[in-house]
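Below is one structure; the comments refer to it alone.
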Amino acid sequence: MAKKVEQQKDNLEKTLWAAADKMRSNMDAAEYKHVVLGLIFLKYITDAFDDLHNKLLNGVGEFEGASPEDPDEYLASNVFFVPEKARWQYLRDRAKLPEIGKLIDEAMDAIEKVNSGLRGILPKIYADPDLNKQRLGELIDLISGIGFNEEGHKAKDLLGRVYEYFLGQFADAEGKSGGQFYTPACIVKLLVAMIEPYKGRVYDGCCGSGGMFVQSEKFIEEHQGNIKDISVYGQESNPTTLRLAKMNLAIRGIDAKIELGDTFLNDKHKDLKADYILANPPFNISDWSAEQLRDDV
């Protein structure tokens with residue numbers, strides 16, 4: 001049974017990728033990944049919001065008398081509040097309109113305004129005139145199927161897997177440059193298994209899209225540990241990649257302190273005493289400012 005479910009998930013991932021890649025048209029993978037991954041993230045936070053919204057509407061147990069439109073109710077449950085015009089169903093109902101790109105950008109902006117932890121993270125690129133709005137509408141229809149008939153942790157796990165799978169596929173599509181934001185999952189899994197980060201501070205000074213942190217969480221779950229026993233610290237020099245990492249970790253519910261900047265030239269965690277360092281530095285970059293670092297402690 002478990003094998004059959006796993007096979008269904010693998011098929012879903014491959015089907016989604018084939019369809020999404022077909023819609024890419026003339027846009028290269030480096031740009032298109034932000035279009036797709038931003039929508040997957042929006043679908044996830046809306047699914048989580050809808051789940052809690054229904055409980056608040058029904059007022060069962062601890063939710064009796066609570067308002068389903070009070071952002072504080074969602075904050076208390078570690079769920080992002082999604083304003084009405086940013087909810088997935090609202091956008092899906094308007095997916096075929098020519099102004100869908102503008103509506104998505106406005107939705108991302110509205111979500112950031114009401115959730116301080118997401119400020120400056122979400123992509124607002126959908127109104128770009130070069131983005132084919134018909135294809136965008138088709139992409140919304142496609143992503144609408146993710147998480148369908150799943151609930152709670154199952155939906156979260158499925159969406160997390162799809163996000164991670166798409167990161168890997170986009171890295172493959174970008175070729176050599178894809179390594180700047182993604183380390184192959186098999187390598188990450190090996191590093192995590194060797195270091196065994198059960199508890200303490202985990203640090204990645206060139207964290208890319210956050211794969212080391214995601215795999216650390218999986219390792220802890222597989223060994224019946226507690227994810228609350230680790231704290232995550234990281235740094236990434238590319239602001240666009242940093243946004244990918246923060247979305248990736250938000251889907252997983254991983255609380256991380258990730259800063260923007262070059263780890264060598266502008267270390268944002270100078271006083272950190274980490275228990276584990278998990279990193280795959282960009283070894284293929286020849287000009288890494290070695291001359292400026294000769295006297296670095």
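FYI, nothing fancy with the structure tokens labels: chains A, B, ... in order, residues from 1 per chain, ligands from 1 as they appear.
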
**Study point:** Backbone DSSP call of alpha helix (DSSP H) for stretch 90-156 of chain A, listed as a PyMOL selection string
**Key:** chain A and resi 90-92+100-114+133-143+152-156

Exercise for review: Can you work out which one of A:Ala107, A:Met247, A:Val114, A:Leu97 has the shortest atom-to-atom distance to A:Asp70, counting only C-alpha atoms?
Suggested key: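 Ranked by minimum distance to A:Asp70, first place goes to A:Val114.
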
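Each of A:Phe166, A:Phe49, A:Phe63, A:Tyr276 was compared to A:Phe81 using only C-alpha atoms, and A:Phe49 turns out to be the nearest.
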
Review point. Which one is closest to A:Leu139: A:Ala256, A:Leu103, A:Val36, A:Ala127? Count only C-alpha atoms.
Key: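 Once distances to A:Leu139 are computed over only C-alpha atoms, the minimum belongs to A:Val36.
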
Check your understanding: With only C-alpha atoms as the atoms that count, which of A:Asp275, A:Glu62, A:Glu217, A:Glu84 lies nearest to A:Arg201?
Key ->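 Of all the options, A:Asp275 lies closest to A:Arg201.
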
Practice item. Within 10 Å of stretch 181-191 of chain A, counting only C-alpha atoms, which residues show up once you throw out same-chain ones fewer than 3 positions away? Write them as a ChimeraX atom specification, please. Key: /A:164-165,167-172,177-178,194-196,206-216,218-219,236,238,240-242,244-245,278-282

Review point. For the atom pair atom CA of A:Gly120 and atom CA of A:Leu260, what is the interatomic distance in Å to one decimal place?
Key: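 One can read the atom CA of A:Gly120 to atom CA of A:Leu260 distance as 12.0 Å.
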
Review point. What's the 9 Å shell around A:Asp255, counting only C-alpha atoms, without same-chain residues fewer than 3 positions away, as a PyMOL selection string?
Key: chain A and resi 231-232+249-250+252

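Each of A:Gly225, A:Pro239, A:Pro123, A:Gly145 was compared to A:Tyr32 using only C-alpha atoms, and A:Pro123 turns out to be the nearest.
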
Point to revise | Residues of stretch 68-272 of chain A in strand (DSSP E or B), written as a list of chain:residue names | key: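 The residues of stretch 68-272 of chain A classed as strand (DSSP E or B) are A:Gly200, A:Arg201, A:Val202, A:Tyr203, A:Asp204, A:Ile230, A:Ser231, A:Val232, A:Tyr233, A:Gly234, A:Gln235, A:Glu236, A:Ala256, A:Lys257, A:Ile258, A:Glu259, A:Leu260.
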
Find the spatial neighbours of A:Val162, counting only C-alpha atoms, within a cut-off of 9 Å - ignore same-chain residues fewer than 4 positions away - and output them as a CSV table (one decimal) with N, CA and C atoms, in the first residue's frame.
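Output file part_18.csv follows:
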```csv
chain,number,residue,atom,x,y,z
A,9,LYS,N,2.6,9.5,-5.9
A,9,LYS,CA,3.2,10.8,-5.6
A,9,LYS,C,4.3,11.1,-6.7
A,12,LEU,N,2.6,12.0,-9.9
A,12,LEU,CA,2.0,13.3,-9.8
A,12,LEU,C,3.1,14.4,-10.0
A,13,GLU,N,4.3,14.2,-9.4
A,13,GLU,CA,5.4,15.1,-9.6
A,13,GLU,C,5.8,15.2,-11.0
A,16,LEU,N,3.1,16.9,-13.2
A,16,LEU,CA,3.1,18.3,-13.0
A,16,LEU,C,4.3,19.0,-13.7
A,40,ILE,N,3.1,27.7,-6.3
A,40,ILE,CA,3.1,26.5,-5.4
A,40,ILE,C,3.0,27.0,-3.9
A,146,ILE,N,-2.8,20.1,-6.8
A,146,ILE,CA,-1.8,19.7,-5.7
A,146,ILE,C,-2.5,19.8,-4.4
A,157,ASP,N,3.2,17.8,3.4
A,157,ASP,CA,4.3,16.9,3.0
A,157,ASP,C,4.3,16.8,1.4
A,158,LEU,N,3.1,16.7,0.8
A,158,LEU,CA,3.0,16.6,-0.6
A,158,LEU,C,3.4,17.9,-1.3
A,166,PHE,N,10.5,20.3,-7.9
A,166,PHE,CA,10.6,21.4,-8.9
A,166,PHE,C,11.9,22.1,-8.9
A,167,LEU,N,12.4,22.4,-7.6
A,167,LEU,CA,13.7,23.0,-7.5
A,167,LEU,C,14.8,22.2,-8.2
```

Review point. What lies within 8 Å of A:Leu91 using only C-alpha atoms, ignoring chain neighbours under 6 positions off, as a list in words?
Key: Lys85, Ile100, Leu103 and Ile104 of chain A

**Study point:** Residue with smallest distance to A:Asp105 - pool A:Gly61, A:Gly160, A:Leu39, A:Ile45, counting only C-alpha atoms
**Key:**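 The closest residue to A:Asp105 is A:Leu39.
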
Practice item. Find the distance between atom CA of A:Asp262 and atom CA of A:Ser237 and write it in Å to one decimal. Key: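 Straight-line distance from atom CA of A:Asp262 to atom CA of A:Ser237 works out to 4.8 Å.
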